[in-house]
Amino acid sequence: MTDRLPLSLLSRRRVLALGGGLVSAIAAGGARAQEGEPPPDPRLTQETVTFQMRRQVFKGLMVRLRGTVKRPGLLLIPDGRGPTPHFRAVARRFALDGFLVLLPDLAAPANVPENSEEAENAIAHIGVADTQLALDLAAELLVKHPECNGSIGALGFSWGGSYALQFALTGARVKAVVSYYAVPPSAERIAEIKVPVAFHWSENDPRTAPVAEAIEKRLIGAGKTFEAWVYPDTASGFASDPSGRRSNKAMADRAFDRSTVFLKRWLG
């Protein structure tokens, strides 16, 4: 069994793709290498950036190919655990494909170990409104980077995918959004997206499987530009943790390739 576009989209995908309503300070030097991660890639520049919300100072990893070429930006929003070695690897992978990537760390003000229960709790206690504000500030930092061409997208996983969809709903700053197995708003609300969106759905996710088709039909009816991919025999998180029992590398690689093509199409 191969992954597929839902039947409701098979005959309309090309039409939707071509028309319709469109869906601080930089610390110089390389970011500190994390235990268990590969040595720095000589093709890339990595730096720690900071952005401030009221009295809280957040950090992020900015990754890009060496050189001063203008390039599209990508706000990479991890899941509720915050940055992990895997998400840093994803950031580097997108950077090698020509994006200026910012991976924000919203647990940084709490000064807790990364990829821990403490980090997850720290992020969860920020609150929805403040989390969105912090991510807006990160997007502002990204779009103002001297090597950004002014065109940025947002890509998020699960928890982060939900916040990526908020960017699609407001249309602020971003020109395209990619969401991995995120719980979406209602079908009526999601039909208000203002930029193109690519959805990566897990076939066996009980949170999203019952609503995915209704959302797709609503988007088609509203004339929005989107792609929706269903990955068979996968559960939520198949591309988020390569060591986890839900991991599916073949499907994760396929989703990554599709995300790259989609973002390059809309970000230039």
# chains A, B, ... in the order shown; residues from 1 in each chain; ligands from 1
>>> residues_around(residues="stretch 253-262 of chain A", least_positions_apart="6", cutoff="12 Å", atoms="only C-alpha atoms", output="VMD selection string")
chain A and resid 2 to 4 17 72 74 76 90 to 91 93 to 99 153 to 157 175 to 181 196 to 202 225 to 231 238 to 240 242 247 268
>>> write_last_selection(atoms="C-alpha atoms", output="PDB file, in the first residue's frame")
ATOM      1  CA  THR A   2       1.405   3.364  -0.985  1.00  0.00           C
ATOM      2  CA  ASP A   3       0.710   6.736   0.492  1.00  0.00           C
ATOM      3  CA  ARG A   4      -1.820   8.752  -1.384  1.00  0.00           C
ATOM      4  CA  ALA A  17      -2.093  24.166  -7.036  1.00  0.00           C
ATOM      5  CA  PRO A  72      13.789  32.154   1.634  1.00  0.00           C
ATOM      6  CA  LEU A  74      11.744  28.894   7.242  1.00  0.00           C
ATOM      7  CA  LEU A  76      10.760  25.437  11.970  1.00  0.00           C
ATOM      8  CA  VAL A  90      15.905  18.621  10.258  1.00  0.00           C
ATOM      9  CA  ALA A  91      16.925  22.297  10.399  1.00  0.00           C
ATOM     10  CA  ARG A  93      18.637  19.392   6.178  1.00  0.00           C
ATOM     11  CA  PHE A  94      16.364  22.253   5.131  1.00  0.00           C
ATOM     12  CA  ALA A  95      19.338  24.627   5.238  1.00  0.00           C
ATOM     13  CA  LEU A  96      21.245  22.370   2.829  1.00  0.00           C
ATOM     14  CA  ASP A  97      18.259  22.670   0.498  1.00  0.00           C
ATOM     15  CA  GLY A  98      18.696  26.437   0.407  1.00  0.00           C
ATOM     16  CA  PHE A  99      16.540  27.779   3.240  1.00  0.00           C
ATOM     17  CA  GLY A 153       7.247  29.963   5.562  1.00  0.00           C
ATOM     18  CA  ALA A 154       6.314  28.143   8.754  1.00  0.00           C
ATOM     19  CA  LEU A 155       6.594  24.387   9.242  1.00  0.00           C
ATOM     20  CA  GLY A 156       5.526  22.657  12.429  1.00  0.00           C
ATOM     21  CA  PHE A 157       5.182  19.203  13.939  1.00  0.00           C
ATOM     22  CA  LYS A 175       3.665  32.934   2.418  1.00  0.00           C
ATOM     23  CA  ALA A 176       3.248  29.177   2.918  1.00  0.00           C
ATOM     24  CA  VAL A 177       2.729  26.711   5.764  1.00  0.00           C
ATOM     25  CA  VAL A 178       3.440  23.012   6.276  1.00  0.00           C
ATOM     26  CA  SER A 179       1.712  21.120   9.087  1.00  0.00           C
ATOM     27  CA  TYR A 180       2.622  17.638  10.259  1.00  0.00           C
ATOM     28  CA  TYR A 181      -0.200  15.655  11.956  1.00  0.00           C
ATOM     29  CA  PRO A 196      -1.056  27.768   0.681  1.00  0.00           C
ATOM     30  CA  VAL A 197      -0.867  24.905   3.177  1.00  0.00           C
ATOM     31  CA  ALA A 198       0.550  21.377   2.929  1.00  0.00           C
ATOM     32  CA  PHE A 199      -0.917  18.855   5.363  1.00  0.00           C
ATOM     33  CA  HIS A 200       0.849  15.617   6.280  1.00  0.00           C
ATOM     34  CA  TRP A 201      -1.709  13.294   7.882  1.00  0.00           C
ATOM     35  CA  SER A 202      -1.077   9.994   9.687  1.00  0.00           C
ATOM     36  CA  THR A 225      -4.728  26.234  -2.347  1.00  0.00           C
ATOM     37  CA  PHE A 226      -3.484  23.232  -0.414  1.00  0.00           C
ATOM     38  CA  GLU A 227      -1.998  19.756  -0.535  1.00  0.00           C
ATOM     39  CA  ALA A 228      -3.053  16.950   1.800  1.00  0.00           C
ATOM     40  CA  TRP A 229      -1.080  13.736   2.026  1.00  0.00           C
ATOM     41  CA  VAL A 230      -2.114  10.637   3.966  1.00  0.00           C
ATOM     42  CA  TYR A 231       0.692   8.262   5.001  1.00  0.00           C
ATOM     43  CA  PHE A 238       6.216   9.255  12.423  1.00  0.00           C
ATOM     44  CA  ALA A 239       8.647  12.028  11.413  1.00  0.00           C
ATOM     45  CA  SER A 240       9.387  13.511  14.840  1.00  0.00           C
ATOM     46  CA  PRO A 242      13.694   8.533  14.779  1.00  0.00           C
ATOM     47  CA  SER A 247       9.037   6.372  13.593  1.00  0.00           C
ATOM     48  CA  GLY A 268      10.718  31.255  -4.453  1.00  0.00           C
TER      49      GLY A 268
END
>>> closest_residue(among="A:Ser186, A:Thr68, A:Ser162, A:Thr170", to="A:Glu216", atoms="only C-alpha atoms")
A:Ser186
>>> closest_residue(among="A:Asp79, A:Glu213, A:Glu37, A:Glu203", to="A:Ile123", atoms="only C-alpha atoms")
A:Asp79
>>> select_by_dssp(residues="stretch 164-266 of chain A", states="helix (DSSP H, G or I)", output="VMD selection string")
chain A and resid 164 to 170 187 to 190 209 to 221 249 to 266
>>> residues_around(residues="A:Thr208", least_positions_apart="2", cutoff="8 Å", atoms="only C-alpha atoms", output="count of residues only")
11
>>> closest_residue(among="A:Leu169, A:Leu133, A:Ile193, A:Val57", to="A:Ala110", atoms="only C-alpha atoms")
A:Val57
>>> closest_residue(among="A:Phe51, A:Leu137, A:Ile126, A:Arg81", to="A:Pro113", atoms="only C-alpha atoms")
A:Arg81
>>> closest_residue(among="A:Leu44, A:Tyr163, A:Leu75, A:Lys59", to="A:Val128", atoms="only C-alpha atoms")
A:Tyr163
